[in-house]
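Encoded as structure tokens, the structure appears first; notes follow it.
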Amino acid sequence: MHPISKRAAAEAFGTFVLVLGGCGSAVLAAAFPAVGIGLLGVSLAFGLTVLTMAYTVGPISGCHLNPAVTFGLAAGGRHPWGEVLPYWIAQVVGGLAGAGVLFVIASGAAGFDVSAGFASNGYAEHSPGGYSLMAGLVCEVVMTFIFLMVILAATAKSAPAGFAPLAIGLCLTLIHLVSIPVTNTSVNPARSLGPAVFVGGWALSQVWLFWVGPLLGGMLAGVVYPWLASERKDA
């Protein structure tokens, strides 16, 4: 096993790429004149970043890239509780760095306005579809639960070796296709915090939901999957 310093560095890098790639696709390319990638393109961008990072940093850190994933894996006996905080710190640092680089790039275009959203997650008047706080919370809990169930299943010892990144990346793509209209899709507190710090105001005041919802969904999956698969918690 790699030392915690290298695993944390891998998590920071992977989360950096996730935020820059996923949020960058939304900020820079989603509505670009004539060739905008739209909701489908943004969904694929998030899925592809996780897939590619899983092959890149997965052998080093496990490629969590997400505090909710780390929390869910710990709850499911797949990750030591003593390493949850170092992973979280690395993921938040990586998310902030990714959002920072994206801000520098995006601000190079005339008329850029960070207050327009900057791919931040939100509910009520800041939901892309105007969905309520309750709708956003339920969406984030359920989608993160599904995401962690797939991760736990795809990385189980009984699962086919080498295919986990495909299942996980495609699952994240599916989750974005469903939930972008509701919350702009988080299922990842580090992904939410990065852009919110640069937007400030409403984005920071609503970011709590995108910690509570994903962490709760991840924890539930960490409890349910071992029971469903009759796994023994031994981490």
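Here's how to read the names in the structure tokens: chain A, B, ... by the order shown, residue numbers from 1 in each chain, ligand numbers from 1 in the order shown.
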
Using DSSP on the backbone, list every residue of region 88-172 of chain A that comes out as alpha helix (DSSP H), and give them as number ranges by chain.
-> A: 88-106, 133-154, 164-172

Using only C-alpha atoms, which residues sit within 12 Å of Leu40 (chain A) once same-chain residues fewer than 3 positions away are excluded, as a list in words?
->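 Everything that qualifies: Gly22, Ser25, Ala26, Ala29, Ala30, Ala31, Gly36, Ile37, Ser43, Leu44, Ala45, Phe46, Gly47, Thr173, Leu174, Ile175, His176, Leu177, Val178, Ser179, Ile180 and Pro181 of chain A.
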
Cut-off 8 Å: closest region 16-115 of chain A/region 199-218 of chain A atom pairs per residue, using only C-alpha atoms, as a Markdown table:
| residue | atom | partner | partner_atom | distance |
| --- | --- | --- | --- | --- |
| A:Pro67 | CA | A:Leu215 | CA | 7.4 |
| A:Ala68 | CA | A:Leu215 | CA | 4.7 |
| A:Val69 | CA | A:Gly218 | CA | 6.2 |
| A:Phe71 | CA | A:Gly218 | CA | 6.3 |
| A:Gly72 | CA | A:Gly218 | CA | 4.2 |
| A:Leu73 | CA | A:Gly218 | CA | 7.8 |
| A:Val114 | CA | A:Val199 | CA | 5.8 |
| A:Ser115 | CA | A:Val199 | CA | 5.6 |

Keeping N, CA and C atoms, export the residues of the selection given above as a PDB file, in the first residue's frame.
ATOM      1  N   PRO A  67     -15.770  13.092  -0.959  1.00  0.00           N
ATOM      2  CA  PRO A  67     -15.942  12.774   0.457  1.00  0.00           C
ATOM      3  C   PRO A  67     -17.060  11.772   0.734  1.00  0.00           C
ATOM      4  N   ALA A  68     -18.111  11.813  -0.075  1.00  0.00           N
ATOM      5  CA  ALA A  68     -19.217  10.877   0.128  1.00  0.00           C
ATOM      6  C   ALA A  68     -18.803   9.453  -0.213  1.00  0.00           C
ATOM      7  N   VAL A  69     -17.942   9.301  -1.208  1.00  0.00           N
ATOM      8  CA  VAL A  69     -17.444   7.972  -1.556  1.00  0.00           C
ATOM      9  C   VAL A  69     -16.561   7.440  -0.433  1.00  0.00           C
ATOM     10  N   PHE A  71     -16.644   8.278   2.692  1.00  0.00           N
ATOM     11  CA  PHE A  71     -17.513   8.021   3.844  1.00  0.00           C
ATOM     12  C   PHE A  71     -18.286   6.725   3.658  1.00  0.00           C
ATOM     13  N   GLY A  72     -18.832   6.530   2.457  1.00  0.00           N
ATOM     14  CA  GLY A  72     -19.589   5.314   2.185  1.00  0.00           C
ATOM     15  C   GLY A  72     -18.728   4.070   2.225  1.00  0.00           C
ATOM     16  N   LEU A  73     -17.507   4.163   1.694  1.00  0.00           N
ATOM     17  CA  LEU A  73     -16.604   3.009   1.727  1.00  0.00           C
ATOM     18  C   LEU A  73     -16.184   2.689   3.155  1.00  0.00           C
ATOM     19  N   VAL A 114     -19.168  35.416 -12.849  1.00  0.00           N
ATOM     20  CA  VAL A 114     -19.153  34.276 -11.943  1.00  0.00           C
ATOM     21  C   VAL A 114     -20.461  34.156 -11.173  1.00  0.00           C
ATOM     22  N   SER A 115     -21.143  35.264 -10.965  1.00  0.00           N
ATOM     23  CA  SER A 115     -22.400  35.223 -10.218  1.00  0.00           C
ATOM     24  C   SER A 115     -23.515  34.534 -10.983  1.00  0.00           C
TER      25      SER A 115
END

Compile the contact shell of region 155-160 of chain A as a PyMOL selection string: residues with an atom at most 10 Å away, counting only C-alpha atoms, same-chain residues fewer than 5 positions apart removed.
-> chain A and resi 62+78+150+165+167-168+229+231

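Closest approach to Thr49 (chain A) among A:Gly76, A:Gly24, A:Gly169, A:Gly136 is made by A:Gly169 (distances from only C-alpha atoms).
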
From A:Leu193, A:Val50, A:Ala164, A:Ala153, residue lying nearest Ser230 (chain A) [only C-alpha atoms] =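 Of A:Leu193, A:Val50, A:Ala164, A:Ala153, the one nearest Ser230 (chain A), counting only C-alpha atoms, is A:Ala153.
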
Nearest residue to Val92 (chain A) from the set A:Asn66, A:Ala154, A:Pro128, A:Asn184 (distances using only C-alpha atoms) =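 Distance minimum relative to Val92 (chain A) lands on A:Asn66.
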
Distance of CA of Leu166 (chain A) from CA of Lys6 (chain A), expressed in Å to one decimal place = 24.3 Å

Quick one: pull the distance between CA of Thr183 (chain A) and CA of Ser127 (chain A), Å, one decimal.
->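 Straight-line distance from CA of Thr183 (chain A) to CA of Ser127 (chain A) works out to 5.2 Å.
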
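The nearest approach to Ile4 (chain A) among the residues A:Val84, A:Leu133, A:Val104, A:Ala54, with only C-alpha atoms taken into account, belongs to A:Val84.
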
Selected residue of minimal separation from Ala124 (chain A) among A:Gly94, A:Glu140, A:Pro86, A:Val182, counting only C-alpha atoms =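 Answer, going by the shortest atom-to-atom distance: A:Val182.
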